[in-house]
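Enquirer: I'm passing along entry.txt; it holds compact mmCIF, C-alpha atoms and all ligand atoms.
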```txt
# COMPACT_ATOMS: atom_id res chain seq x y z
CA MET F 39 23.73 -25.90 10.46
CA ALA F 40 25.54 -23.22 12.47
CA GLU F 41 28.29 -23.30 9.86
CA THR F 42 25.86 -22.56 7.04
CA VAL F 43 24.81 -19.33 8.73
CA GLN F 44 28.40 -18.12 8.97
CA GLN F 45 29.27 -18.74 5.33
CA PRO F 46 28.94 -15.83 2.91
CA ILE F 47 25.24 -16.28 2.34
CA GLN F 48 24.88 -14.69 -1.04
CA GLU F 49 26.43 -17.36 -3.24
CA ASN F 50 25.13 -20.15 -1.11
CA LYS F 51 21.59 -18.84 -0.96
CA ALA F 52 21.55 -18.06 -4.69
CA ALA F 53 22.47 -21.68 -5.40
CA ILE F 54 19.70 -22.93 -3.11
CA ARG F 55 17.20 -20.60 -4.77
CA ARG F 56 18.28 -21.68 -8.23
CA ALA F 57 17.82 -25.31 -7.28
CA PHE F 58 14.36 -24.64 -5.83
CA LEU F 59 13.33 -22.66 -8.91
CA ARG F 60 14.11 -25.64 -11.13
CA SER F 61 11.13 -27.37 -9.49
CA CYS F 62 8.72 -24.45 -10.10
CA THR F 63 6.17 -23.80 -12.84
CA PRO F 64 6.97 -21.43 -15.76
CA ARG F 65 4.75 -18.75 -14.21
CA THR F 66 6.85 -18.68 -11.05
CA VAL F 67 10.12 -18.93 -12.98
CA ASP F 68 9.15 -15.91 -15.12
CA ILE F 69 8.75 -13.76 -12.06
CA GLN F 70 11.56 -15.10 -9.89
CA ASP F 71 14.34 -15.95 -12.33
CA PRO F 72 15.78 -12.44 -12.65
CA LEU F 73 15.80 -12.02 -8.87
CA ILE F 74 17.92 -14.93 -7.75
CA ASP F 75 20.85 -12.76 -6.78
CA PRO F 76 19.73 -9.34 -5.54
CA ILE F 77 23.33 -8.12 -5.64
CA VAL F 78 23.24 -8.46 -9.43
CA SER F 79 19.81 -6.85 -9.82
CA ARG F 80 20.65 -4.30 -7.10
CA GLY F 81 17.62 -5.46 -5.19
CA HIS F 82 15.18 -4.26 -7.83
CA PRO F 83 12.40 -6.58 -8.96
CA ASN F 84 12.40 -5.25 -12.55
CA PRO F 85 16.09 -5.57 -13.42
CA ALA F 86 17.82 -4.65 -16.65
CA GLY F 87 15.79 -1.64 -17.00
CA LEU F 88 12.70 -2.40 -16.94
CA GLY F 89 10.84 -5.43 -18.00
CA GLU F 90 7.37 -4.43 -18.95
CA ALA F 91 8.15 -0.82 -18.41
CA ASP F 92 10.35 -0.64 -21.48
CA ARG F 93 7.29 -0.61 -23.71
CA PHE F 94 6.22 2.73 -22.36
CA SER F 95 9.53 4.53 -22.45
CA ARG F 96 9.11 5.41 -26.10
CA GLU F 97 5.78 7.10 -25.52
CA GLY F 98 4.79 10.24 -23.76
CA SER F 99 6.23 13.63 -22.95
CA TRP F 100 9.31 12.36 -21.09
CA GLY F 101 8.81 15.03 -18.50
CA GLN F 102 9.95 18.00 -20.50
CA SER F 103 9.74 21.11 -18.42
CA SER F 104 8.90 23.53 -21.25
CA VAL F 105 5.41 23.40 -22.70
CA LEU F 106 5.28 25.30 -26.01
CA PHE F 107 2.46 27.59 -27.06
CA PRO F 108 1.45 28.63 -30.58
CA ASP F 109 1.09 32.28 -29.57
CA LEU F 110 1.25 34.70 -26.69
CA ALA F 111 -2.50 34.76 -26.07
CA SER F 112 -2.78 31.01 -25.55
CA TYR F 113 0.19 31.11 -23.18
CA GLN F 114 -1.33 33.97 -21.20
CA ALA F 115 -4.64 32.14 -20.87
CA ALA F 116 -2.84 28.99 -19.72
CA ASP F 117 -0.67 30.90 -17.25
CA GLU F 118 -3.79 32.33 -15.66
CA THR F 119 -5.67 29.05 -15.32
CA GLY F 120 -2.70 26.71 -14.87
CA VAL F 121 -4.12 24.51 -17.63
CA SER F 122 -2.53 24.08 -21.05
CA PRO F 123 -4.63 23.63 -24.21
CA TYR F 124 -3.23 20.09 -24.56
CA GLY F 125 -4.22 18.76 -21.14
CA GLY F 126 -1.96 19.10 -18.13
CA ALA F 127 -0.38 22.27 -16.79
CA GLU F 128 1.16 25.23 -18.62
CA TYR F 129 4.50 24.23 -17.18
CA GLY F 130 5.62 20.67 -17.74
CA VAL F 131 6.90 19.60 -14.34
CA VAL F 132 3.67 19.20 -12.39
CA LEU F 133 0.60 17.75 -14.08
CA THR F 134 2.00 16.59 -17.38
CA PRO F 135 -0.51 15.29 -19.94
CA GLU F 136 0.28 11.76 -18.70
CA ALA F 137 -0.35 12.75 -15.09
CA ASP F 138 -3.54 14.49 -16.16
CA ALA F 139 -4.76 11.32 -17.91
CA VAL F 140 -4.08 9.13 -14.86
CA CYS F 141 -5.77 11.61 -12.53
CA ARG F 142 -8.89 11.81 -14.67
CA LYS F 143 -9.08 8.05 -14.93
CA ILE F 144 -8.66 7.39 -11.20
CA ALA F 145 -11.01 10.22 -10.22
CA ALA F 146 -13.68 8.72 -12.48
CA LEU F 147 -13.14 5.23 -11.08
CA HIS F 148 -13.66 6.59 -7.57
CA GLY F 149 -16.60 8.79 -8.50
CA GLY F 150 -14.63 11.86 -7.41
CA PHE F 151 -14.59 15.40 -8.79
CA GLY F 152 -10.86 15.37 -9.54
CA ALA F 153 -7.48 14.00 -8.50
CA ILE F 154 -3.84 14.95 -8.21
CA ILE F 155 -0.79 12.69 -8.44
CA CYS F 156 2.34 12.87 -6.27
CA PRO F 157 5.68 11.02 -6.52
CA SER F 158 4.86 8.51 -3.76
CA GLY F 159 2.05 7.35 -1.52
CA LEU F 160 3.69 9.09 1.42
CA SER F 161 3.96 12.36 -0.51
CA ALA F 162 0.26 12.04 -1.38
CA ILE F 163 -0.45 11.83 2.36
CA THR F 164 1.79 14.75 3.30
CA THR F 165 0.58 16.90 0.39
CA THR F 166 -3.00 16.34 1.54
CA ILE F 167 -2.16 17.37 5.08
CA ALA F 168 -0.24 20.41 3.84
CA ALA F 169 -3.12 21.40 1.55
CA PHE F 170 -5.76 21.47 4.28
CA ALA F 171 -3.30 22.49 7.00
CA PRO F 172 -5.12 21.09 10.04
CA ARG F 173 -3.59 21.67 13.48
CA ALA F 174 -4.82 18.32 14.79
CA LEU F 175 -5.58 14.91 13.29
CA LEU F 176 -7.71 12.08 14.56
CA ILE F 177 -5.97 8.93 13.36
CA PRO F 178 -6.56 5.20 13.82
CA ASP F 179 -4.22 3.35 16.16
CA ASN F 180 -3.01 1.15 13.27
CA ALA F 181 -2.15 4.01 10.89
CA TYR F 182 0.76 3.75 8.45
CA PRO F 183 3.76 4.53 10.72
CA PRO F 184 5.41 7.18 8.44
CA LEU F 185 2.23 9.27 8.82
CA LEU F 186 2.83 9.43 12.57
CA ARG F 187 6.46 10.35 12.04
CA TYR F 188 5.40 13.24 9.77
CA LEU F 189 2.82 14.55 12.22
CA ARG F 190 5.32 14.43 15.05
CA TYR F 191 7.97 16.18 12.96
CA LYS F 192 5.52 18.92 11.94
CA ASN F 193 4.19 19.35 15.46
CA ILE F 194 0.65 18.52 14.40
CA CYS F 195 -1.42 17.30 17.33
CA VAL F 196 -2.49 13.65 17.23
CA PHE F 197 -5.60 12.11 18.76
CA ARG F 198 -5.64 8.35 18.29
CA TYR F 199 -8.81 6.31 18.08
CA PRO F 200 -8.99 2.49 18.35
CA SER F 201 -8.31 0.67 15.07
CA ASP F 202 -11.78 -0.92 15.08
CA ALA F 203 -13.60 2.12 16.51
CA SER F 204 -17.31 2.77 16.23
CA ALA F 205 -18.47 6.27 15.25
CA GLY F 206 -19.56 6.74 18.89
CA THR F 207 -16.03 6.15 20.15
CA VAL F 208 -14.61 8.56 17.61
CA SER F 209 -17.21 11.20 18.55
CA VAL F 210 -16.00 11.10 22.17
CA ILE F 211 -12.41 11.63 20.99
CA LEU F 212 -13.55 14.39 18.63
CA ARG F 213 -15.27 16.19 21.50
CA GLU F 214 -12.02 16.04 23.44
CA ALA F 215 -10.08 17.39 20.43
CA ARG F 216 -12.53 20.25 19.97
CA ARG F 217 -12.01 21.49 23.49
CA GLU F 218 -8.50 22.40 22.34
CA PHE F 219 -9.13 23.06 18.64
CA ARG F 220 -12.45 24.84 18.37
CA ALA F 221 -12.53 25.69 14.67
CA ALA F 222 -13.70 22.80 12.47
CA ARG F 223 -11.00 23.57 9.87
CA ASP F 224 -8.27 22.99 12.47
CA ILE F 225 -9.16 19.29 12.63
CA MET F 226 -8.90 16.48 10.09
CA ILE F 227 -10.43 13.05 10.64
CA TYR F 228 -8.13 10.53 9.05
CA LEU F 229 -8.93 6.89 8.30
CA GLU F 230 -6.90 4.01 6.99
CA ALA F 231 -8.64 0.68 6.57
CA PRO F 232 -7.89 -2.15 6.77
CA GLY F 233 -5.03 -0.62 8.75
CA SER F 234 -1.32 -1.34 8.41
CA GLY F 235 0.07 -4.66 9.69
CA THR F 236 -2.98 -5.92 11.59
CA PHE F 237 -5.85 -4.90 9.23
CA GLU F 238 -8.58 -3.76 11.65
CA ILE F 239 -11.50 -1.76 10.20
CA PRO F 240 -13.44 1.05 11.92
CA ASP F 241 -17.00 2.15 11.13
CA ILE F 242 -16.05 4.03 7.95
CA SER F 243 -19.48 5.41 6.99
CA GLY F 244 -20.32 6.30 10.58
CA ILE F 245 -17.06 8.22 11.00
CA ALA F 246 -17.54 9.96 7.63
CA ALA F 247 -21.03 11.03 8.71
CA LEU F 248 -19.71 12.27 12.04
CA ALA F 249 -17.08 14.37 10.25
CA LYS F 250 -19.69 15.80 7.87
CA SER F 251 -22.11 16.75 10.64
CA ASN F 252 -19.27 18.63 12.38
CA GLY F 253 -18.09 20.37 9.21
CA ILE F 254 -14.77 18.53 9.51
CA ILE F 255 -12.88 17.12 6.55
CA SER F 256 -12.55 13.33 6.34
CA VAL F 257 -9.56 11.74 4.59
CA MET F 258 -9.09 8.02 3.96
CA ASP F 259 -5.97 6.12 2.95
CA ASN F 260 -7.51 3.44 0.71
CA THR F 261 -4.25 1.83 -0.39
CA TRP F 262 -5.15 -1.66 0.87
CA ALA F 263 -8.31 -1.77 -1.24
CA SER F 264 -7.63 0.29 -4.37
CA HIS F 265 -10.68 1.45 -6.34
CA VAL F 266 -11.39 -2.21 -7.12
CA ARG F 267 -12.35 -3.20 -3.59
CA PHE F 268 -13.68 0.07 -2.16
CA LYS F 269 -14.67 3.58 -3.23
CA PRO F 270 -14.63 5.62 0.01
CA ILE F 271 -16.45 8.56 -1.58
CA THR F 272 -19.56 6.36 -1.74
CA ALA F 273 -19.29 6.01 2.06
CA GLY F 274 -19.19 9.80 2.50
CA ILE F 275 -15.41 10.35 2.67
CA ASP F 276 -14.22 13.74 1.32
CA ILE F 277 -10.67 12.92 0.27
CA VAL F 278 -9.21 9.55 -0.76
CA ILE F 279 -5.52 8.70 -0.86
CA GLN F 280 -4.15 5.79 -2.90
CA ALA F 281 -0.49 4.77 -2.83
CA THR F 282 -0.55 3.75 -6.51
CA THR F 283 2.94 2.39 -5.97
CA LYS F 284 1.09 -0.68 -4.73
CA TYR F 285 -1.83 -2.44 -6.45
CA GLU F 286 -2.73 0.00 -9.21
CA GLY F 287 0.79 -0.14 -10.64
CA GLY F 288 1.27 -3.71 -9.54
CA TYR F 289 4.89 -4.34 -10.50
CA GLY F 290 6.69 -2.05 -8.09
CA ASP F 291 7.71 0.30 -10.90
CA THR F 292 5.13 3.07 -10.49
CA PRO F 293 6.22 4.99 -7.39
CA SER F 294 3.31 7.41 -7.00
CA GLY F 295 0.30 8.36 -4.92
CA VAL F 296 -3.04 9.76 -6.02
CA VAL F 297 -5.35 11.99 -4.00
CA ILE F 298 -8.99 12.07 -5.09
CA ALA F 299 -11.38 14.80 -3.95
CA ALA F 300 -15.12 14.20 -3.81
CA GLN F 301 -15.90 17.91 -4.28
CA GLN F 302 -14.58 20.79 -6.37
CA ALA F 303 -13.47 22.86 -3.34
CA GLY F 304 -11.26 20.06 -2.03
CA PHE F 305 -9.83 19.43 -5.48
CA GLU F 306 -8.91 23.10 -5.94
CA CYS F 307 -7.21 23.14 -2.58
CA LEU F 308 -5.08 20.11 -3.57
CA VAL F 309 -4.18 21.56 -6.98
CA ASP F 310 -3.12 24.85 -5.37
CA GLU F 311 -0.91 22.98 -2.93
CA LEU F 312 0.71 21.10 -5.80
CA ARG F 313 1.41 24.23 -7.83
CA ILE F 314 2.73 26.12 -4.83
CA SER F 315 4.92 23.32 -3.48
CA GLY F 316 5.99 21.67 -6.75
CA HIS F 317 5.43 18.32 -5.07
CA GLY F 318 3.56 16.82 -8.00
CA ALA F 319 6.51 16.13 -10.29
CA VAL F 320 5.90 12.49 -11.22
CA ALA F 321 7.83 10.95 -14.12
CA PRO F 322 5.55 10.80 -17.18
CA THR F 323 6.80 7.29 -17.88
CA THR F 324 5.49 6.29 -14.44
CA CYS F 325 2.14 7.88 -15.25
CA ALA F 326 1.98 6.17 -18.65
CA ARG F 327 2.66 2.79 -17.06
CA LEU F 328 0.13 3.42 -14.34
CA LEU F 329 -2.53 4.49 -16.83
CA LYS F 330 -2.38 1.12 -18.56
CA ARG F 331 -1.89 -1.04 -15.49
CA ILE F 332 -5.03 0.32 -13.82
CA ASP F 333 -7.04 -1.75 -16.30
CA SER F 334 -5.64 -5.01 -14.95
CA THR F 335 -5.85 -4.11 -11.25
CA GLU F 336 -8.91 -6.22 -10.60
CA ALA F 337 -7.56 -9.33 -12.33
CA ARG F 338 -4.27 -9.02 -10.44
CA LEU F 339 -5.99 -8.38 -7.10
CA ASP F 340 -8.14 -11.46 -7.57
CA ALA F 341 -5.05 -13.55 -8.35
CA HIS F 342 -3.20 -12.18 -5.29
CA HIS F 343 -6.28 -12.92 -3.19
CA GLU F 344 -6.73 -16.51 -4.42
CA THR F 345 -3.10 -17.29 -3.69
CA ALA F 346 -3.26 -15.61 -0.28
CA LEU F 347 -6.29 -17.75 0.65
CA GLN F 348 -4.39 -20.93 -0.15
CA LEU F 349 -1.34 -19.84 1.83
CA VAL F 350 -3.47 -18.70 4.77
CA ALA F 351 -5.16 -22.12 4.86
CA TRP F 352 -1.72 -23.71 5.00
CA PHE F 353 -0.58 -21.47 7.85
CA GLN F 354 -3.80 -22.07 9.78
CA SER F 355 -3.11 -25.79 9.73
CA GLN F 356 0.34 -25.39 11.27
CA ALA F 357 1.02 -25.94 14.96
CA PHE F 358 3.46 -23.02 15.14
CA VAL F 359 0.81 -20.49 14.14
CA ALA F 360 -1.24 -18.74 16.83
CA ASP F 361 -3.29 -16.62 14.45
CA VAL F 362 -3.53 -15.37 10.89
CA LEU F 363 -4.60 -11.76 10.53
CA SER F 364 -6.73 -10.89 7.52
CA PRO F 365 -10.13 -9.24 7.55
CA ALA F 366 -11.15 -11.49 4.64
CA LEU F 367 -11.20 -14.51 6.97
CA PRO F 368 -14.65 -15.41 8.35
CA GLY F 369 -13.24 -15.67 11.90
CA SER F 370 -11.65 -12.20 11.80
CA PRO F 371 -13.00 -9.69 14.37
CA CYS F 372 -13.68 -7.12 11.62
CA HIS F 373 -15.17 -9.55 9.11
CA THR F 374 -18.69 -8.05 9.19
CA ARG F 375 -17.34 -4.60 8.37
CA PHE F 376 -15.04 -6.18 5.80
CA ASN F 377 -18.05 -7.64 4.00
CA GLU F 378 -19.90 -4.36 4.20
CA TYR F 379 -17.11 -2.29 2.63
CA PHE F 380 -14.60 -4.46 0.78
CA GLY F 381 -16.20 -7.84 0.03
CA LYS F 382 -13.03 -9.53 -1.17
CA GLY F 383 -9.40 -9.63 -0.03
CA ASN F 384 -5.98 -9.01 -1.57
CA GLY F 385 -2.54 -10.61 -1.28
CA LEU F 386 -1.80 -9.37 2.25
CA PHE F 387 -2.01 -11.24 5.53
CA SER F 388 -0.02 -11.40 8.75
CA VAL F 389 0.98 -14.54 10.59
CA VAL F 390 1.22 -14.46 14.40
CA PHE F 391 3.59 -17.15 15.68
CA ARG F 392 2.96 -18.88 18.97
CA PRO F 393 4.52 -16.78 21.76
CA THR F 394 6.66 -19.79 22.79
CA ILE F 395 8.50 -19.68 19.45
CA PRO F 396 11.64 -17.56 19.83
CA ALA F 397 12.39 -14.71 17.43
CA SER F 398 15.52 -16.55 16.24
CA GLN F 399 13.43 -19.45 14.96
CA VAL F 400 11.05 -17.13 13.14
CA ALA F 401 14.09 -15.42 11.62
CA ALA F 402 15.46 -18.82 10.53
CA PHE F 403 12.14 -19.52 8.82
CA VAL F 404 12.38 -16.24 6.90
CA GLU F 405 16.00 -16.92 5.92
CA ALA F 406 15.07 -20.33 4.55
CA LEU F 407 12.46 -18.98 2.12
CA ASN F 408 13.36 -19.01 -1.57
CA LEU F 409 10.46 -17.21 -3.25
CA PHE F 410 9.35 -14.76 -0.56
CA TRP F 411 11.74 -11.84 -0.53
CA VAL F 412 12.41 -9.69 2.49
CA GLY F 413 11.26 -6.28 1.30
CA GLU F 414 8.92 -3.36 1.85
CA SER F 415 6.24 -2.05 -0.52
CA TRP F 416 3.80 -4.85 -1.19
CA GLY F 417 1.39 -5.05 -4.12
CA GLY F 418 3.80 -6.13 -6.85
CA HIS F 419 4.29 -9.37 -8.79
CA VAL F 420 6.90 -10.70 -6.37
CA SER F 421 5.99 -12.37 -3.07
CA LEU F 422 7.29 -10.62 0.04
CA VAL F 423 7.71 -11.15 3.75
CA LEU F 424 8.48 -8.61 6.47
CA PRO F 425 8.53 -8.64 10.27
CA VAL F 426 5.85 -6.37 11.73
CA CYS F 427 6.66 -4.43 14.85
CA VAL F 428 3.17 -3.76 16.14
CA GLN F 429 3.16 -0.54 18.15
CA ARG F 430 -0.28 0.30 19.45
CA GLU F 431 -1.48 2.66 22.15
CA LEU F 432 -5.15 1.76 22.32
CA THR F 433 -5.63 -1.54 20.55
CA SER F 434 -4.18 -4.75 21.94
CA ALA F 435 -1.23 -6.04 19.92
CA PRO F 436 -0.71 -9.75 19.09
CA LYS F 437 1.44 -11.62 21.63
CA GLY F 438 3.86 -13.59 19.41
CA GLN F 439 6.23 -12.65 16.60
CA VAL F 440 4.38 -11.28 13.55
CA LEU F 441 5.34 -11.65 9.88
CA ARG F 442 3.44 -9.86 7.14
CA PHE F 443 3.20 -11.70 3.85
CA HIS F 444 2.34 -10.43 0.41
CA ALA F 445 1.31 -13.19 -1.99
CA GLY F 446 2.68 -12.29 -5.41
CA LEU F 447 1.67 -13.53 -8.84
CA GLU F 448 3.78 -16.69 -8.79
CA ASP F 449 2.13 -20.11 -8.88
CA ALA F 450 0.38 -20.66 -5.53
CA SER F 451 1.56 -24.26 -5.19
CA ASP F 452 5.20 -23.20 -5.64
CA LEU F 453 4.76 -20.62 -2.90
CA GLN F 454 3.20 -23.18 -0.58
CA ARG F 455 6.02 -25.66 -1.23
CA ASP F 456 8.46 -22.91 -0.38
CA LEU F 457 6.72 -22.26 2.95
CA GLU F 458 6.73 -25.99 3.69
CA GLN F 459 10.42 -26.45 3.04
CA ALA F 460 11.33 -23.30 5.01
CA ALA F 461 9.26 -24.47 7.96
CA ARG F 462 10.98 -27.84 7.87
CA ALA F 463 14.43 -26.25 7.59
CA SER F 464 13.80 -24.05 10.59
CA PHE F 465 12.70 -27.04 12.68
CA ILE F 466 9.12 -25.95 13.04
CA PRO F 467 6.95 -29.06 12.96
CA VAL F 468 5.02 -29.07 9.70
CA ILE F 469 1.61 -30.61 9.26
CA ASN F 470 1.38 -31.85 5.72
CA TYR F 471 -1.73 -30.00 4.74
CA ALA F 472 -1.38 -30.73 1.01
CA ILE F 473 -1.24 -34.51 1.75
C1 LIG F 501 2.81 1.86 1.16
C2 LIG F 501 1.79 2.69 1.77
C3 LIG F 501 1.83 4.08 1.66
C4 LIG F 501 2.97 4.82 1.03
O1 LIG F 501 3.24 4.54 -0.28
P1 LIG F 501 4.68 4.85 -0.91
O2 LIG F 501 4.41 4.99 -2.35
O3 LIG F 501 5.52 3.68 -0.55
O4 LIG F 501 5.18 6.11 -0.27
C5 LIG F 501 0.80 4.79 2.21
N1 LIG F 501 -0.20 4.19 2.85
C6 LIG F 501 -0.26 2.86 3.00
C7 LIG F 501 -1.41 2.26 3.72
C8 LIG F 501 0.73 2.06 2.47
O5 LIG F 501 0.69 0.74 2.64
```
Let me see the structure of the file written as structure tokens.
Ligand SMILES: *Cc1c(COP(=O)(O)O)cnc(C)c1O

Expert:
Amino acid sequence: MAETVQQPIQENKAAIRRAFLRSCTPRTVDIQDPLIDPIVSRGHPNPAGLGEADRFSREGSWGQSSVLFPDLASYQAADETGVSPYGGAEYGVVLTPEADAVCRKIAALHGGFGAIICPSGLSAITTTIAAFAPRALLIPDNAYPPLLRYLRYKNICVFRYPSDASAGTVSVILREARREFRAARDIMIYLEAPGSGTFEIPDISGIAALAKSNGIISVMDNTWASHVRFKPITAGIDIVIQATTKYEGGYGDTPSGVVIAAQQAGFECLVDELRISGHGAVAPTTCARLLKRIDSTEARLDAHHETALQLVAWFQSQAFVADVLSPALPGSPCHTRFNEYFGKGNGLFSVVFRPTIPASQVAAFVEALNLFWVGESWGGHVSLVLPVCVQRELTSAPKGQVLRFHAGLEDASDLQRDLEQAARASFIPVINYAI
């Protein structure tokens, strides 16, 4: 066994994966076959340019920077308003007609006034913060870690609230923040739910109402849910952020983030930020793909969810598992709020290993998997696994090693067999749940 680890893993592991794939259903093979050797596909899940994406590359504006006008008057009108007569901006880098179409579609799905699109989910977050320029943010303890890094880098003051906070708890923290930052516009109340890695949920409507009654802007990162599972504007949130890289695009080939404003004033502020900063240059091919994929988001989310439920049941029956984190589970601490806001899950869940299981054994389990790839950016067709380093200041973190799983669109029984064989290979006692 020790010898196996020291061999050049690539060839060896590719052979093992190929052998495992021969036992899988066509659905799983379709997704996994091009991935067997990530060195060949350069680690990209849509190799050889492009898979599904190829269809769209012949359509659209191709991101041409010049937009042409029939006469001077129509150009002058467009230059003044920033809007071309064809849809999109007068200048073809930000807000192309494709971007415009996606923004209108997503804004309508959320019941918002309007939306902008940025080149990534993170840039959607940072563009929103830059647009409203608060000096302090209230953020949940389980917020997406790159947000914290940005706030620290930009010297924006952070007040954390517990990941599962009530509106009352947040109001105490808000009072503290306002002693230092008196003007309402200096503060932004930021939500992300279910939060990254551990999926707790605060009182979303209560916090939105608190923000409103204080004249403070509320912003919610709704990436986990997408418009299919939750429309934060209906709960009173002012600004919604969606990393459309994830479920809306669904195949990992739509790096983008959308920001939806409930009201005109917020929308105008976001559009101004985009024009001034130039941060909205998203490839029109990405927008074209996204526009069409949005229609299948619900079907894909339901498939991810069904598979995740099966895999969660398997994990729950295993002796090496201390806990499975997912707000969709009836035993989860935030399940009541989950039902109130989201109703149904997605492909994500985290597994907490018993604290007695050493990190090396958990790592061996990960290494033995054939269909779950080690990789960031969940929400695509391919199943993923990633260690979660839970860093919390206010909320208690799980005791054992934590792995976050994303159930892809492969056949659920193939994925379960893969977990079973990896558990066996890493010497974790397996209970044969499937009989
Ligand atoms: C992935 C993610 C983002 C960032 O999206 P990118 O497109 O990868 O930049 C933002 N928020 C949450 C909650 C995410 O999971």

Enquirer: Using only C-alpha atoms and all ligand atoms, determine which residues fall within 8 Å of ligand LIG 501 (chain F), then list them as a short mmCIF file (atom, residue, chain, number, x, y, z; two decimals) with C-alpha atoms, in the frame of the given file.

Expert:
```
data_model
loop_
_atom_site.label_atom_id
_atom_site.label_comp_id
_atom_site.auth_asym_id
_atom_site.auth_seq_id
_atom_site.Cartn_x
_atom_site.Cartn_y
_atom_site.Cartn_z
CA PRO F 157 5.68 11.02 -6.52
CA SER F 158 4.86 8.51 -3.76
CA GLY F 159 2.05 7.35 -1.52
CA LEU F 160 3.69 9.09 1.42
CA SER F 161 3.96 12.36 -0.51
CA ALA F 162 0.26 12.04 -1.38
CA ILE F 163 -0.45 11.83 2.36
CA ALA F 181 -2.15 4.01 10.89
CA TYR F 182 0.76 3.75 8.45
CA GLU F 230 -6.90 4.01 6.99
CA ALA F 231 -8.64 0.68 6.57
CA GLY F 233 -5.03 -0.62 8.75
CA SER F 234 -1.32 -1.34 8.41
CA ASP F 259 -5.97 6.12 2.95
CA ASN F 260 -7.51 3.44 0.71
CA THR F 261 -4.25 1.83 -0.39
CA TRP F 262 -5.15 -1.66 0.87
CA ILE F 279 -5.52 8.70 -0.86
CA GLN F 280 -4.15 5.79 -2.90
CA ALA F 281 -0.49 4.77 -2.83
CA THR F 282 -0.55 3.75 -6.51
CA THR F 283 2.94 2.39 -5.97
CA LYS F 284 1.09 -0.68 -4.73
CA PRO F 293 6.22 4.99 -7.39
CA SER F 294 3.31 7.41 -7.00
CA GLY F 295 0.30 8.36 -4.92
CA SER F 415 6.24 -2.05 -0.52
CA TRP F 416 3.80 -4.85 -1.19
#
```

Enquirer: What does the structure give for the distance between atom CA of Cys325 of chain F and atom CA of Val132 of chain F, in Å to one decimal?

Expert: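 According to the coordinates, atom CA of Cys325 of chain F and atom CA of Val132 of chain F are separated by 11.8 Å.
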
Enquirer: Figure out the distance between atom CA of Ser256 of chain F and atom CA of Arg216 of chain F, please, to one decimal in Å.

Expert: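 Taking atom CA of Arg216 of chain F as the start and atom CA of Ser256 of chain F as the end point, the length is 15.3 Å.
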
Enquirer: Measuring between only C-alpha atoms, which one of F:Pro123, F:Gly369, F:Pro240, F:Gly150 shows the shortest distance to Asp179 of chain F?

Expert: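 Once distances to Asp179 of chain F are computed over only C-alpha atoms, the minimum belongs to F:Pro240.
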
Enquirer: Find the residue from F:Arg430, F:Ser103, F:Phe387, F:Arg65 that sits nearest to Leu186 of chain F; use only C-alpha atoms when measuring.

Expert: F:Arg430

Enquirer: Between F:Phe391, F:Phe170, F:Phe443, F:Tyr228, which is the closest to Leu407 of chain F once you count all atoms listed in the file?

Expert: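 Once distances to Leu407 of chain F are computed over all atoms listed in the file, the minimum belongs to F:Phe443.
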
Enquirer: With only C-alpha atoms as the basis for distance, which of F:Ile298, F:Gly417, F:Trp411, F:Phe353 is at the shortest distance from Asp340 of chain F?

Expert: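 Looking only at the distances to Asp340 of chain F, the closest residue turns out to be F:Gly417.
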
Enquirer: Residues at most 9 Å from segment 192-207 of chain F, counting all atoms listed in the file, excluding those fewer than 6 positions away in the same chain, as a PyMOL selection string?

Expert: chain F and resi 172-181+186+214-215+230-233+237-248+371-372+431-433

Enquirer: Distance cut-off 12 Å, centre (8.8, -24.8, 13.6) in file coordinates, counting all atoms listed in the file: which residues qualify? Return them as a CSV table (one decimal) with C-alpha atoms, in the frame of the given file.

Expert:
```csv
chain,number,residue,atom,x,y,z
F,353,PHE,CA,-0.6,-21.5,7.8
F,356,GLN,CA,0.3,-25.4,11.3
F,357,ALA,CA,1.0,-25.9,15.0
F,358,PHE,CA,3.5,-23.0,15.1
F,359,VAL,CA,0.8,-20.5,14.1
F,391,PHE,CA,3.6,-17.2,15.7
F,392,ARG,CA,3.0,-18.9,19.0
F,394,THR,CA,6.7,-19.8,22.8
F,395,ILE,CA,8.5,-19.7,19.4
F,396,PRO,CA,11.6,-17.6,19.8
F,397,ALA,CA,12.4,-14.7,17.4
F,398,SER,CA,15.5,-16.6,16.2
F,399,GLN,CA,13.4,-19.4,15.0
F,400,VAL,CA,11.0,-17.1,13.1
F,401,ALA,CA,14.1,-15.4,11.6
F,402,ALA,CA,15.5,-18.8,10.5
F,403,PHE,CA,12.1,-19.5,8.8
F,404,VAL,CA,12.4,-16.2,6.9
F,406,ALA,CA,15.1,-20.3,4.6
F,457,LEU,CA,6.7,-22.3,3.0
F,458,GLU,CA,6.7,-26.0,3.7
F,459,GLN,CA,10.4,-26.4,3.0
F,460,ALA,CA,11.3,-23.3,5.0
F,461,ALA,CA,9.3,-24.5,8.0
F,462,ARG,CA,11.0,-27.8,7.9
F,463,ALA,CA,14.4,-26.2,7.6
F,464,SER,CA,13.8,-24.0,10.6
F,465,PHE,CA,12.7,-27.0,12.7
F,466,ILE,CA,9.1,-26.0,13.0
F,467,PRO,CA,7.0,-29.1,13.0
F,468,VAL,CA,5.0,-29.1,9.7
F,469,ILE,CA,1.6,-30.6,9.3
```

Enquirer: One decimal, in Å: what's the spacing between atom CA of Leu339 of chain F and atom CA of Arg55 of chain F?

Expert: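 Computed distance, atom CA of Leu339 of chain F to atom CA of Arg55 of chain F, equals 26.3 Å.
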